[in-house]
>>> print(open('protein-v4.csv').read())   # CSV, C-alpha atoms
chain,number,residue,atom,x,y,z
A,1,MET,CA,10.1,9.6,22.5
A,2,LEU,CA,8.2,7.4,20.1
A,3,THR,CA,5.5,4.9,21.1
A,4,LEU,CA,4.7,2.0,18.8
A,5,TYR,CA,1.3,0.3,19.2
A,6,TYR,CA,1.8,-3.3,18.2
A,7,ALA,CA,0.5,-6.9,18.4
A,8,PRO,CA,3.1,-9.7,18.6
A,9,GLY,CA,4.0,-11.1,15.2
A,10,SER,CA,1.7,-8.8,13.4
A,11,CYS,CA,2.8,-6.5,10.6
A,12,ALA,CA,3.8,-4.0,13.3
A,13,ARG,CA,6.9,-6.2,13.8
A,14,ALA,CA,8.4,-4.6,10.6
A,15,SER,CA,8.2,-1.1,12.3
A,16,HIS,CA,9.5,-2.6,15.5
A,17,ILE,CA,12.6,-4.0,13.9
A,18,ALA,CA,13.2,-0.8,11.9
A,19,LEU,CA,13.1,1.3,15.1
A,20,ARG,CA,15.7,-1.0,16.6
A,21,GLU,CA,17.8,-0.9,13.4
A,22,ALA,CA,17.6,3.0,13.5
A,23,GLY,CA,18.7,3.1,17.2
A,24,ALA,CA,15.6,5.2,17.9
A,25,GLY,CA,14.3,5.8,21.4
A,26,PHE,CA,10.9,4.2,21.6
A,27,GLU,CA,8.5,2.3,23.9
A,28,LEU,CA,6.1,-0.4,23.0
A,29,ARG,CA,2.4,-0.5,23.7
A,30,LEU,CA,0.7,-3.9,23.3
A,31,VAL,CA,-2.8,-3.9,21.7
A,32,ASP,CA,-4.6,-7.0,22.9
A,33,PHE,CA,-6.1,-8.6,19.8
A,34,ALA,CA,-7.5,-11.5,21.9
A,35,SER,CA,-10.0,-9.1,23.6
A,36,ASN,CA,-10.5,-7.1,20.3
A,37,GLU,CA,-8.8,-4.0,21.9
A,38,GLN,CA,-8.0,-2.7,18.4
A,39,ARG,CA,-11.7,-2.2,17.8
A,40,GLY,CA,-12.4,-0.5,21.2
A,41,ASP,CA,-13.1,3.2,21.6
A,42,ALA,CA,-9.8,3.9,23.4
A,43,TYR,CA,-7.7,2.5,20.6
A,44,ARG,CA,-9.9,4.1,17.9
A,45,LYS,CA,-8.7,7.4,19.3
A,46,VAL,CA,-5.2,6.4,18.5
A,47,ASN,CA,-6.0,4.8,15.1
A,48,PRO,CA,-9.6,5.2,13.8
A,49,LYS,CA,-8.9,2.4,11.4
A,50,GLY,CA,-8.7,-0.1,14.3
A,51,ARG,CA,-5.4,-1.6,13.1
A,52,VAL,CA,-1.8,-1.8,14.1
A,53,PRO,CA,0.8,-0.4,13.8
A,54,ALA,CA,0.4,3.1,15.0
A,55,LEU,CA,3.4,5.3,15.9
A,56,VAL,CA,2.9,8.2,18.3
A,57,THR,CA,5.4,11.0,17.7
A,58,ASP,CA,5.7,14.4,19.4
A,59,ARG,CA,4.0,15.9,16.3
A,60,GLY,CA,1.1,13.4,16.0
A,61,ILE,CA,0.2,9.8,15.2
A,62,LEU,CA,1.3,7.9,12.1
A,63,THR,CA,-0.4,4.8,10.7
A,64,GLU,CA,0.3,2.4,7.8
A,65,THR,CA,3.4,0.3,7.7
A,66,PRO,CA,5.0,1.8,4.6
A,67,ALA,CA,4.5,5.3,6.0
A,68,ILE,CA,5.9,4.5,9.5
A,69,LEU,CA,8.9,2.7,7.9
A,70,THR,CA,9.6,5.7,5.7
A,71,PHE,CA,9.3,8.0,8.6
A,72,ILE,CA,11.8,6.0,10.6
A,73,ALA,CA,14.3,5.9,7.7
A,74,GLN,CA,13.9,9.6,6.9
A,75,SER,CA,14.1,10.8,10.5
A,76,HIS,CA,17.2,8.6,11.2
A,77,PRO,CA,19.3,9.2,8.0
A,78,GLU,CA,22.5,8.1,9.8
A,79,ALA,CA,21.0,4.6,10.0
A,80,GLY,CA,21.0,4.2,6.2
A,81,LEU,CA,17.7,2.4,6.0
A,82,ALA,CA,16.6,3.8,2.6
A,83,PRO,CA,18.4,5.5,-0.4
A,84,LEU,CA,17.1,9.0,0.7
A,85,ASP,CA,19.0,11.0,-1.9
A,86,ASP,CA,18.1,9.0,-5.0
A,87,PRO,CA,14.4,9.4,-6.1
A,88,PHE,CA,14.6,6.3,-8.4
A,89,GLU,CA,16.1,4.0,-5.8
A,90,PHE,CA,13.9,5.4,-3.1
A,91,ALA,CA,10.9,4.6,-5.3
A,92,ARG,CA,12.1,1.0,-5.8
A,93,VAL,CA,12.0,0.6,-2.1
A,94,GLN,CA,8.5,2.2,-1.9
A,95,ALA,CA,7.3,-0.2,-4.6
A,96,PHE,CA,8.5,-3.2,-2.6
A,97,LEU,CA,6.7,-1.8,0.5
A,98,ALA,CA,3.5,-1.2,-1.5
A,99,TYR,CA,3.5,-4.7,-3.0
A,100,LEU,CA,3.9,-6.2,0.5
A,101,CYS,CA,1.2,-4.0,1.9
A,102,ALA,CA,-1.5,-4.0,-0.8
A,103,THR,CA,-1.0,-7.4,-2.4
A,104,VAL,CA,0.8,-9.9,-0.1
A,105,HIS,CA,-0.6,-8.8,3.3
A,106,VAL,CA,-4.1,-8.6,1.7
A,107,ALA,CA,-3.7,-12.1,0.2
A,108,HIS,CA,-2.7,-13.3,3.7
A,109,ALA,CA,-5.6,-11.5,5.4
A,110,HIS,CA,-8.1,-13.6,3.4
A,111,ILE,CA,-7.3,-16.7,5.5
A,112,ARG,CA,-8.2,-15.1,8.8
A,113,ARG,CA,-10.1,-11.9,8.1
A,114,GLY,CA,-12.5,-12.9,5.3
A,115,GLU,CA,-15.3,-11.1,7.2
A,116,ARG,CA,-13.9,-7.9,5.9
A,117,TRP,CA,-15.1,-8.7,2.4
A,118,ALA,CA,-18.0,-11.2,2.9
A,119,ASP,CA,-20.7,-12.0,5.4
A,120,ASP,CA,-21.7,-15.5,4.1
A,121,PRO,CA,-19.7,-18.2,6.0
A,122,ALA,CA,-19.4,-20.3,2.9
A,123,ALA,CA,-17.7,-17.4,1.0
A,124,ILE,CA,-15.4,-16.8,4.0
A,125,ALA,CA,-14.5,-20.5,4.0
A,126,GLU,CA,-13.8,-20.3,0.2
A,127,MET,CA,-11.4,-17.4,0.7
A,128,LYS,CA,-9.7,-19.3,3.5
A,129,ARG,CA,-9.3,-22.3,1.2
A,130,LYS,CA,-7.8,-20.3,-1.6
A,131,ALA,CA,-5.5,-18.0,0.5
A,132,PRO,CA,-2.5,-20.3,0.6
A,133,GLU,CA,-2.5,-20.5,-3.2
A,134,VAL,CA,-2.6,-16.8,-3.6
A,135,VAL,CA,0.1,-16.2,-1.0
A,136,ALA,CA,2.3,-18.8,-2.7
A,137,GLY,CA,1.8,-17.0,-6.0
A,138,CYS,CA,3.0,-13.7,-4.3
A,139,PHE,CA,6.1,-15.3,-2.8
A,140,GLN,CA,6.9,-17.0,-6.1
A,141,LEU,CA,6.7,-13.6,-7.8
A,142,ILE,CA,9.0,-12.1,-5.1
A,143,GLU,CA,11.5,-15.0,-5.5
A,144,ASP,CA,11.5,-14.9,-9.3
A,145,GLU,CA,11.1,-11.2,-10.1
A,146,LEU,CA,11.2,-8.7,-7.3
A,147,PHE,CA,13.9,-9.9,-4.9
A,148,ALA,CA,17.1,-8.2,-6.0
A,149,GLY,CA,19.5,-9.8,-3.5
A,150,PRO,CA,21.3,-10.0,-1.3
A,151,TRP,CA,18.7,-7.7,0.3
A,152,ALA,CA,15.2,-7.1,-0.9
A,153,THR,CA,16.0,-4.2,-3.2
A,154,GLY,CA,19.7,-4.8,-3.8
A,155,ASP,CA,23.1,-4.4,-2.2
A,156,ASP,CA,21.9,-2.3,0.7
A,157,TYR,CA,19.7,-3.3,3.6
A,158,SER,CA,16.6,-1.2,3.8
A,159,ILE,CA,13.2,-0.8,5.4
A,160,ALA,CA,11.9,-3.3,2.8
A,161,ASP,CA,13.8,-6.1,4.6
A,162,PRO,CA,12.1,-6.2,8.0
A,163,TYR,CA,8.8,-6.0,6.2
A,164,LEU,CA,9.5,-8.9,3.9
A,165,PHE,CA,10.9,-10.9,6.8
A,166,THR,CA,7.8,-10.2,8.9
A,167,ILE,CA,5.5,-11.5,6.2
A,168,THR,CA,7.8,-14.4,5.4
A,169,ARG,CA,7.2,-15.6,9.0
A,170,TRP,CA,3.5,-15.9,8.3
A,171,LEU,CA,4.0,-18.6,5.7
A,172,PRO,CA,3.3,-21.4,8.2
A,173,VAL,CA,-0.2,-20.0,8.7
A,174,HIS,CA,-0.8,-21.2,5.1
A,175,ARG,CA,1.1,-24.4,5.6
A,176,LEU,CA,3.8,-23.0,3.3
A,177,ASP,CA,7.5,-23.1,3.9
A,178,SER,CA,10.1,-20.5,3.0
A,179,ALA,CA,12.3,-23.5,1.9
A,180,SER,CA,10.2,-23.4,-1.3
A,181,TYR,CA,11.7,-20.0,-2.1
A,182,PRO,CA,15.5,-20.3,-1.8
A,183,LYS,CA,16.3,-16.6,-2.0
A,184,ILE,CA,13.6,-15.7,0.5
A,185,GLN,CA,14.7,-18.5,2.8
A,186,ASP,CA,18.3,-17.3,2.7
A,187,HIS,CA,17.0,-13.7,3.4
A,188,GLU,CA,15.0,-15.0,6.4
A,189,ARG,CA,18.1,-16.8,7.8
A,190,ARG,CA,20.3,-13.7,7.5
A,191,MET,CA,17.6,-11.5,9.1
A,192,LEU,CA,17.4,-13.9,12.0
A,193,GLU,CA,21.2,-13.3,12.6
A,194,ARG,CA,20.6,-9.5,13.1
A,195,THR,CA,20.5,-8.2,16.7
A,196,ALA,CA,17.6,-5.9,16.0
A,197,VAL,CA,15.5,-8.8,14.7
A,198,GLN,CA,16.5,-11.1,17.6
A,199,ASP,CA,15.7,-8.4,20.1
A,200,ALA,CA,12.3,-7.5,18.5
A,201,ILE,CA,11.2,-11.1,18.4
A,202,ALA,CA,12.3,-11.8,22.0
A,203,THR,CA,10.6,-8.7,23.3
A,204,GLU,CA,7.3,-9.5,21.5
A,205,GLU,CA,7.3,-13.1,22.7
A,206,ALA,CA,8.0,-12.0,26.2
A,207,GLY,CA,4.7,-9.9,25.9
B,1,MET,CA,11.5,10.8,-21.2
B,2,LEU,CA,9.0,8.9,-19.1
B,3,THR,CA,6.4,6.4,-20.4
B,4,LEU,CA,3.3,5.7,-18.3
B,5,TYR,CA,1.5,2.4,-19.1
B,6,TYR,CA,-2.1,3.0,-18.2
B,7,ALA,CA,-5.7,1.9,-18.7
B,8,PRO,CA,-8.4,4.7,-18.9
B,9,GLY,CA,-10.0,5.5,-15.6
B,10,SER,CA,-7.8,2.9,-13.7
B,11,CYS,CA,-5.7,3.8,-10.7
B,12,ALA,CA,-3.0,4.8,-13.3
B,13,ARG,CA,-5.0,8.0,-13.6
B,14,ALA,CA,-3.5,9.2,-10.3
B,15,SER,CA,0.0,9.0,-11.8
B,16,HIS,CA,-1.1,10.5,-15.1
B,17,ILE,CA,-2.5,13.6,-13.3
B,18,ALA,CA,0.6,13.9,-11.1
B,19,LEU,CA,2.9,13.8,-14.2
B,20,ARG,CA,0.8,16.7,-15.7
B,21,GLU,CA,0.9,18.6,-12.4
B,22,ALA,CA,4.7,18.2,-12.3
B,23,GLY,CA,5.1,19.5,-15.8
B,24,ALA,CA,7.0,16.3,-16.6
B,25,GLY,CA,7.8,15.1,-20.1
B,26,PHE,CA,6.0,11.8,-20.7
B,27,GLU,CA,4.2,9.7,-23.1
B,28,LEU,CA,1.3,7.4,-22.5
B,29,ARG,CA,1.0,3.7,-23.6
B,30,LEU,CA,-2.5,2.2,-23.4
B,31,VAL,CA,-2.7,-1.3,-22.0
B,32,ASP,CA,-5.8,-2.9,-23.5
B,33,PHE,CA,-7.7,-4.5,-20.6
B,34,ALA,CA,-10.5,-5.6,-23.0
B,35,SER,CA,-8.1,-8.1,-24.6
B,36,ASN,CA,-6.4,-8.9,-21.3
B,37,GLU,CA,-3.2,-7.3,-22.6
B,38,GLN,CA,-2.0,-6.8,-19.0
B,39,ARG,CA,-1.7,-10.6,-18.6
B,40,GLY,CA,0.1,-11.1,-21.9
B,41,ASP,CA,3.8,-12.0,-22.2
B,42,ALA,CA,4.8,-8.7,-23.7
B,43,TYR,CA,3.3,-6.6,-20.9
B,44,ARG,CA,4.6,-9.1,-18.2
B,45,LYS,CA,8.1,-8.0,-19.4
B,46,VAL,CA,7.2,-4.4,-18.4
B,47,ASN,CA,5.4,-5.4,-15.2
B,48,PRO,CA,5.5,-9.0,-14.1
B,49,LYS,CA,2.6,-8.3,-11.8
B,50,GLY,CA,0.3,-7.8,-14.8
B,51,ARG,CA,-1.1,-4.6,-13.5
B,52,VAL,CA,-1.1,-0.9,-14.3
B,53,PRO,CA,0.4,1.6,-13.8
B,54,ALA,CA,4.0,1.1,-14.8
B,55,LEU,CA,6.4,4.0,-15.3
B,56,VAL,CA,9.4,3.5,-17.6
B,57,THR,CA,12.3,5.8,-16.7
B,58,ASP,CA,15.8,6.0,-18.1
B,59,ARG,CA,17.0,4.0,-15.1
B,60,GLY,CA,14.4,1.3,-15.1
B,61,ILE,CA,10.7,0.5,-14.6
B,62,LEU,CA,8.7,1.5,-11.5
B,63,THR,CA,5.4,0.0,-10.4
B,64,GLU,CA,2.9,0.6,-7.6
B,65,THR,CA,0.9,3.8,-7.5
B,66,PRO,CA,2.4,5.1,-4.2
B,67,ALA,CA,5.9,4.5,-5.4
B,68,ILE,CA,5.3,6.2,-8.8
B,69,LEU,CA,3.6,9.2,-7.2
B,70,THR,CA,6.5,9.5,-4.7
B,71,PHE,CA,9.0,9.3,-7.6
B,72,ILE,CA,7.2,12.1,-9.5
B,73,ALA,CA,7.1,14.3,-6.4
B,74,GLN,CA,10.7,13.8,-5.5
B,75,SER,CA,12.1,14.1,-9.0
B,76,HIS,CA,10.2,17.3,-9.6
B,77,PRO,CA,10.7,19.2,-6.3
B,78,GLU,CA,9.8,22.5,-7.9
B,79,ALA,CA,6.2,21.3,-8.4
B,80,GLY,CA,5.7,21.1,-4.7
B,81,LEU,CA,3.7,17.8,-4.8
B,82,ALA,CA,4.8,16.5,-1.4
B,83,PRO,CA,6.4,18.0,1.8
B,84,LEU,CA,9.9,16.6,0.8
B,85,ASP,CA,11.8,18.3,3.6
B,86,ASP,CA,9.6,17.3,6.6
B,87,PRO,CA,9.7,13.5,7.4
B,88,PHE,CA,6.6,13.7,9.6
B,89,GLU,CA,4.4,15.5,7.0
B,90,PHE,CA,5.9,13.4,4.2
B,91,ALA,CA,4.9,10.3,6.2
B,92,ARG,CA,1.3,11.7,6.6
B,93,VAL,CA,1.1,11.8,2.8
B,94,GLN,CA,2.5,8.3,2.6
B,95,ALA,CA,-0.1,7.0,5.1
B,96,PHE,CA,-2.9,8.5,2.9
B,97,LEU,CA,-1.5,6.8,-0.2
B,98,ALA,CA,-1.1,3.5,1.7
B,99,TYR,CA,-4.7,3.6,2.9
B,100,LEU,CA,-6.0,4.2,-0.6
B,101,CYS,CA,-3.8,1.5,-2.1
B,102,ALA,CA,-4.1,-1.3,0.5
B,103,THR,CA,-7.6,-0.7,1.9
B,104,VAL,CA,-9.8,1.4,-0.4
B,105,HIS,CA,-8.6,0.1,-3.8
B,106,VAL,CA,-8.6,-3.5,-2.4
B,107,ALA,CA,-12.2,-3.0,-1.2
B,108,HIS,CA,-13.2,-1.8,-4.6
B,109,ALA,CA,-11.4,-4.7,-6.3
B,110,HIS,CA,-13.8,-7.2,-4.6
B,111,ILE,CA,-16.7,-6.1,-6.9
B,112,ARG,CA,-14.9,-6.9,-10.1
B,113,ARG,CA,-11.9,-9.0,-9.4
B,114,GLY,CA,-13.2,-11.4,-6.8
B,115,GLU,CA,-11.4,-14.2,-8.7
B,116,ARG,CA,-8.2,-13.1,-7.2
B,117,TRP,CA,-9.3,-14.4,-3.8
B,118,ALA,CA,-11.9,-17.2,-4.6
B,119,ASP,CA,-12.7,-19.7,-7.3
B,120,ASP,CA,-16.3,-20.6,-6.3
B,121,PRO,CA,-18.7,-18.3,-8.2
B,122,ALA,CA,-21.0,-18.1,-5.2
B,123,ALA,CA,-18.2,-16.7,-3.1
B,124,ILE,CA,-17.2,-14.2,-5.9
B,125,ALA,CA,-20.9,-13.1,-6.0
B,126,GLU,CA,-20.9,-12.6,-2.2
B,127,MET,CA,-17.8,-10.4,-2.4
B,128,LYS,CA,-19.5,-8.4,-5.2
B,129,ARG,CA,-22.6,-8.0,-3.1
B,130,LYS,CA,-20.7,-6.7,0.0
B,131,ALA,CA,-18.2,-4.5,-1.8
B,132,PRO,CA,-20.3,-1.3,-1.9
B,133,GLU,CA,-20.8,-1.5,1.9
B,134,VAL,CA,-17.0,-1.9,2.4
B,135,VAL,CA,-16.2,0.9,0.0
B,136,ALA,CA,-18.8,3.1,1.7
B,137,GLY,CA,-17.2,2.4,5.1
B,138,CYS,CA,-13.8,3.5,3.7
B,139,PHE,CA,-15.1,6.7,2.3
B,140,GLN,CA,-16.9,7.5,5.6
B,141,LEU,CA,-13.6,7.0,7.4
B,142,ILE,CA,-11.9,9.3,5.0
B,143,GLU,CA,-14.7,11.9,5.4
B,144,ASP,CA,-14.8,11.7,9.2
B,145,GLU,CA,-11.2,11.1,10.1
B,146,LEU,CA,-8.5,11.2,7.4
B,147,PHE,CA,-9.4,14.1,5.1
B,148,ALA,CA,-7.7,17.2,6.6
B,149,GLY,CA,-9.0,19.8,4.1
B,150,PRO,CA,-8.9,21.7,2.0
B,151,TRP,CA,-6.6,19.1,0.4
B,152,ALA,CA,-6.4,15.5,1.4
B,153,THR,CA,-3.6,16.0,4.0
B,154,GLY,CA,-4.0,19.7,4.8
B,155,ASP,CA,-3.3,23.1,3.3
B,156,ASP,CA,-1.1,22.0,0.5
B,157,TYR,CA,-2.1,20.0,-2.6
B,158,SER,CA,-0.1,16.8,-2.8
B,159,ILE,CA,0.2,13.5,-4.6
B,160,ALA,CA,-2.5,12.2,-2.3
B,161,ASP,CA,-5.1,14.4,-4.1
B,162,PRO,CA,-5.1,12.9,-7.6
B,163,TYR,CA,-5.1,9.4,-6.0
B,164,LEU,CA,-8.1,10.2,-3.8
B,165,PHE,CA,-9.8,11.9,-6.8
B,166,THR,CA,-9.2,8.8,-9.0
B,167,ILE,CA,-10.8,6.4,-6.5
B,168,THR,CA,-13.7,8.8,-5.7
B,169,ARG,CA,-14.6,8.5,-9.4
B,170,TRP,CA,-15.1,4.8,-8.9
B,171,LEU,CA,-18.0,5.3,-6.5
B,172,PRO,CA,-20.7,4.9,-9.2
B,173,VAL,CA,-19.5,1.4,-9.8
B,174,HIS,CA,-20.8,0.7,-6.3
B,175,ARG,CA,-24.0,2.8,-6.9
B,176,LEU,CA,-22.5,5.2,-4.4
B,177,ASP,CA,-22.4,9.0,-4.8
B,178,SER,CA,-19.8,11.4,-3.6
B,179,ALA,CA,-22.7,13.6,-2.5
B,180,SER,CA,-22.9,11.4,0.6
B,181,TYR,CA,-19.5,12.7,1.7
B,182,PRO,CA,-19.5,16.5,1.6
B,183,LYS,CA,-15.8,17.1,2.0
B,184,ILE,CA,-14.9,14.5,-0.6
B,185,GLN,CA,-17.5,15.8,-3.0
B,186,ASP,CA,-16.1,19.3,-2.6
B,187,HIS,CA,-12.6,17.9,-3.2
B,188,GLU,CA,-13.8,16.2,-6.3
B,189,ARG,CA,-15.3,19.4,-7.6
B,190,ARG,CA,-12.1,21.4,-7.0
B,191,MET,CA,-10.0,18.6,-8.6
B,192,LEU,CA,-12.2,18.8,-11.7
B,193,GLU,CA,-11.4,22.5,-12.0
B,194,ARG,CA,-7.7,21.8,-12.4
B,195,THR,CA,-6.1,21.9,-15.9
B,196,ALA,CA,-4.0,18.8,-15.2
B,197,VAL,CA,-7.1,16.8,-14.2
B,198,GLN,CA,-9.2,18.0,-17.2
B,199,ASP,CA,-6.3,17.2,-19.6
B,200,ALA,CA,-5.7,13.8,-18.1
B,201,ILE,CA,-9.4,12.8,-18.3
B,202,ALA,CA,-9.8,14.2,-21.9
B,203,THR,CA,-6.7,12.3,-23.1
B,204,GLU,CA,-7.8,9.1,-21.5
B,205,GLU,CA,-11.3,9.3,-22.9
B,206,ALA,CA,-10.0,10.1,-26.4
B,207,GLY,CA,-8.1,6.7,-26.1
>>> encode(input="protein-v4.csv", output="structure tokens")
Amino acid sequence: MLTLYYAPGSCARASHIALREAGAGFELRLVDFASNEQRGDAYRKVNPKGRVPALVTDRGILTETPAILTFIAQSHPEAGLAPLDDPFEFARVQAFLAYLCATVHVAHAHIRRGERWADDPAAIAEMKRKAPEVVAGCFQLIEDELFAGPWATGDDYSIADPYLFTITRWLPVHRLDSASYPKIQDHERRMLERTAVQDAIATEEAG
Amino acid sequence: MLTLYYAPGSCARASHIALREAGAGFELRLVDFASNEQRGDAYRKVNPKGRVPALVTDRGILTETPAILTFIAQSHPEAGLAPLDDPFEFARVQAFLAYLCATVHVAHAHIRRGERWADDPAAIAEMKRKAPEVVAGCFQLIEDELFAGPWATGDDYSIADPYLFTITRWLPVHRLDSASYPKIQDHERRMLERTAVQDAIATEEAG
């Protein structure tokens, strides 16, 4: 049995959706960001980085969204969530995950988590001001260059899709709208039709 | 034949070392950061993100260090650069790559590339001031929690090792010293003994 530590609507949603797409047996454990549980001693024993997601497996704990998504795809090959037998296509999926993780999520984090990179309140406010412009640039690049269609990396649905969808849903935090990015908006709409996505959102919103 | 677009000492060095460890046939193409070549139209056709590394293969172009490293490992299985047949151990390697890419490299970037996340010079200066503290925190976490030893993820050398080594060599930019992190310093020393590492550094320094 797998246990996914998550916070509702956080990047852990990508792993949550992927577990449902894979038909994996798993349970959810809520990490209460409102009380800063992710920084407490108990959770630090699960993930010393103090972040979600973390996936507890019978062999140990995995962290980092690209790694957890890759683990779900590789350990459930019958679900077809990544091109496991083609190193080039597999690397294309990995590149999409890496861009979302290291550039898009990071751009987003500057609106709410500026204290990671500055102490001065004026500097934190400046990052907050600029974040929507940076996030918009990332989504424009995805729309124009990276999104292959109909799914993120091409004809086949993969672990890149729930991750893109999860971050697309953060656009309103920046007062941005997926309608500005037609391919991404269409992707969001098709993701919302999937049972795994509907069930993941409903479960997270029910707390 | 593979072509790696790189800048000397940049994160592309991780892929450069891995190509040599794999015994892959490749050529190097320097991207001149001094003249901002990475932001020019010609290079944008190679990598629209305007970053290094980019790896040109006979099937297309790959970007993002974790993806390129994974491609090198999977397409050269005889080199043993990742636990390809064990999804859990493979995910542990991926998690190490993701932490280096999305947290450690990002922390480093705030000392030189603050303009990515702020326009106000005072805010950029504040990020620059805080960056060494953030990078030191990342390396302390690697030393205390993530580094398995003797190699990054355990008994076997993997694609995580050249990436950790590459970023370790950036510590002096922050006036930090690997001597503060004994396991990481020992890792750096053993990396410097490897022919692939010596050849990669010598080639990059020769321009």
>>> closest_residue(input="protein-v4.csv", among="A:Lys183, A:Arg189, A:His105, A:Arg113", to="chain B", atoms="only C-alpha atoms")
A:His105
>>> residues_around(input="protein-v4.csv", residues="stretch 162-173 of chain A", least_positions_apart="6", cutoff="7 Å", atoms="all atoms listed in the file", output="number ranges by chain")
A: 11, 13-14, 17-18, 188
>>> write_last_selection(input="protein-v4.csv", atoms="C-alpha atoms", output="compact mmCIF listing (two decimals), in the coordinates of the input")
# COMPACT_ATOMS: atom_id res chain seq x y z
CA CYS A 11 2.80 -6.50 10.60
CA ARG A 13 6.90 -6.20 13.80
CA ALA A 14 8.40 -4.60 10.60
CA ILE A 17 12.60 -4.00 13.90
CA ALA A 18 13.20 -0.80 11.90
CA GLU A 188 15.00 -15.00 6.40
>>> closest_residue(input="protein-v4.csv", among="A:Ala148, A:Ile124, A:Ile184, A:Ala206", to="chain B", atoms="all atoms listed in the file")
A:Ile124
>>> atom_distance(input="protein-v4.csv", atom1="atom CA of B:Glu64", atom2="atom CA of B:Ala82")
17.2 Å
>>> interface_residues(input="protein-v4.csv", of="chain A", to="chain B", cutoff="6 Å", atoms="all atoms listed in the file", output="PyMOL selection string")
chain A and resi 64+67+71+74+87+91+94-95+102+117-118+123+127+130
>>> closest_residue(input="protein-v4.csv", among="B:His108, B:Thr3, B:Ser10, B:Ala22", to="B:Glu205", atoms="all atoms listed in the file")
B:Ser10
>>> build_atoms(input="protein-v4.csv", residues="stretch 29-33 of chain A", atoms="all heavy atoms", output="mmCIF file, keeping the file's coordinate frame")
data_model
loop_
_atom_site.group_PDB
_atom_site.id
_atom_site.type_symbol
_atom_site.label_atom_id
_atom_site.label_comp_id
_atom_site.auth_asym_id
_atom_site.auth_seq_id
_atom_site.Cartn_x
_atom_site.Cartn_y
_atom_site.Cartn_z
ATOM 1 N N ARG A 29 3.661 -0.416 23.075
ATOM 2 C CA ARG A 29 2.400 -0.500 23.700
ATOM 3 C C ARG A 29 1.620 -1.692 23.072
ATOM 4 O O ARG A 29 1.274 -1.620 21.887
ATOM 5 C CB ARG A 29 1.542 0.742 23.622
ATOM 6 C CG ARG A 29 1.956 1.830 24.612
ATOM 7 C CD ARG A 29 1.441 1.575 26.034
ATOM 8 N NE ARG A 29 -0.012 1.533 26.073
ATOM 9 C CZ ARG A 29 -0.782 2.625 26.182
ATOM 10 N NH1 ARG A 29 -0.241 3.821 26.282
ATOM 11 N NH2 ARG A 29 -2.098 2.508 26.203
ATOM 12 N N LEU A 30 1.368 -2.740 23.826
ATOM 13 C CA LEU A 30 0.700 -3.900 23.300
ATOM 14 C C LEU A 30 -0.814 -3.603 23.078
ATOM 15 O O LEU A 30 -1.465 -3.018 23.950
ATOM 16 C CB LEU A 30 0.794 -5.062 24.312
ATOM 17 C CG LEU A 30 0.107 -6.380 23.943
ATOM 18 C CD1 LEU A 30 0.801 -7.060 22.774
ATOM 19 C CD2 LEU A 30 0.080 -7.317 25.154
ATOM 20 N N VAL A 31 -1.333 -3.976 21.935
ATOM 21 C CA VAL A 31 -2.800 -3.900 21.700
ATOM 22 C C VAL A 31 -3.275 -5.344 21.700
ATOM 23 O O VAL A 31 -2.795 -6.197 20.934
ATOM 24 C CB VAL A 31 -3.056 -3.245 20.297
ATOM 25 C CG1 VAL A 31 -4.550 -3.172 20.030
ATOM 26 C CG2 VAL A 31 -2.422 -1.860 20.239
ATOM 27 N N ASP A 32 -4.200 -5.627 22.596
ATOM 28 C CA ASP A 32 -4.600 -7.000 22.900
ATOM 29 C C ASP A 32 -5.669 -7.468 21.858
ATOM 30 O O ASP A 32 -6.857 -7.211 22.025
ATOM 31 C CB ASP A 32 -5.131 -7.129 24.290
ATOM 32 C CG ASP A 32 -5.528 -8.571 24.620
ATOM 33 O OD1 ASP A 32 -5.040 -9.503 23.936
ATOM 34 O OD2 ASP A 32 -6.348 -8.757 25.544
ATOM 35 N N PHE A 33 -5.217 -8.161 20.804
ATOM 36 C CA PHE A 33 -6.100 -8.600 19.800
ATOM 37 C C PHE A 33 -7.116 -9.659 20.347
ATOM 38 O O PHE A 33 -8.257 -9.768 19.887
ATOM 39 C CB PHE A 33 -5.383 -9.234 18.597
ATOM 40 C CG PHE A 33 -4.870 -8.214 17.604
ATOM 41 C CD1 PHE A 33 -4.547 -6.921 17.973
ATOM 42 C CD2 PHE A 33 -4.703 -8.558 16.266
ATOM 43 C CE1 PHE A 33 -4.068 -5.990 17.043
ATOM 44 C CE2 PHE A 33 -4.240 -7.636 15.325
ATOM 45 C CZ PHE A 33 -3.916 -6.361 15.712
#
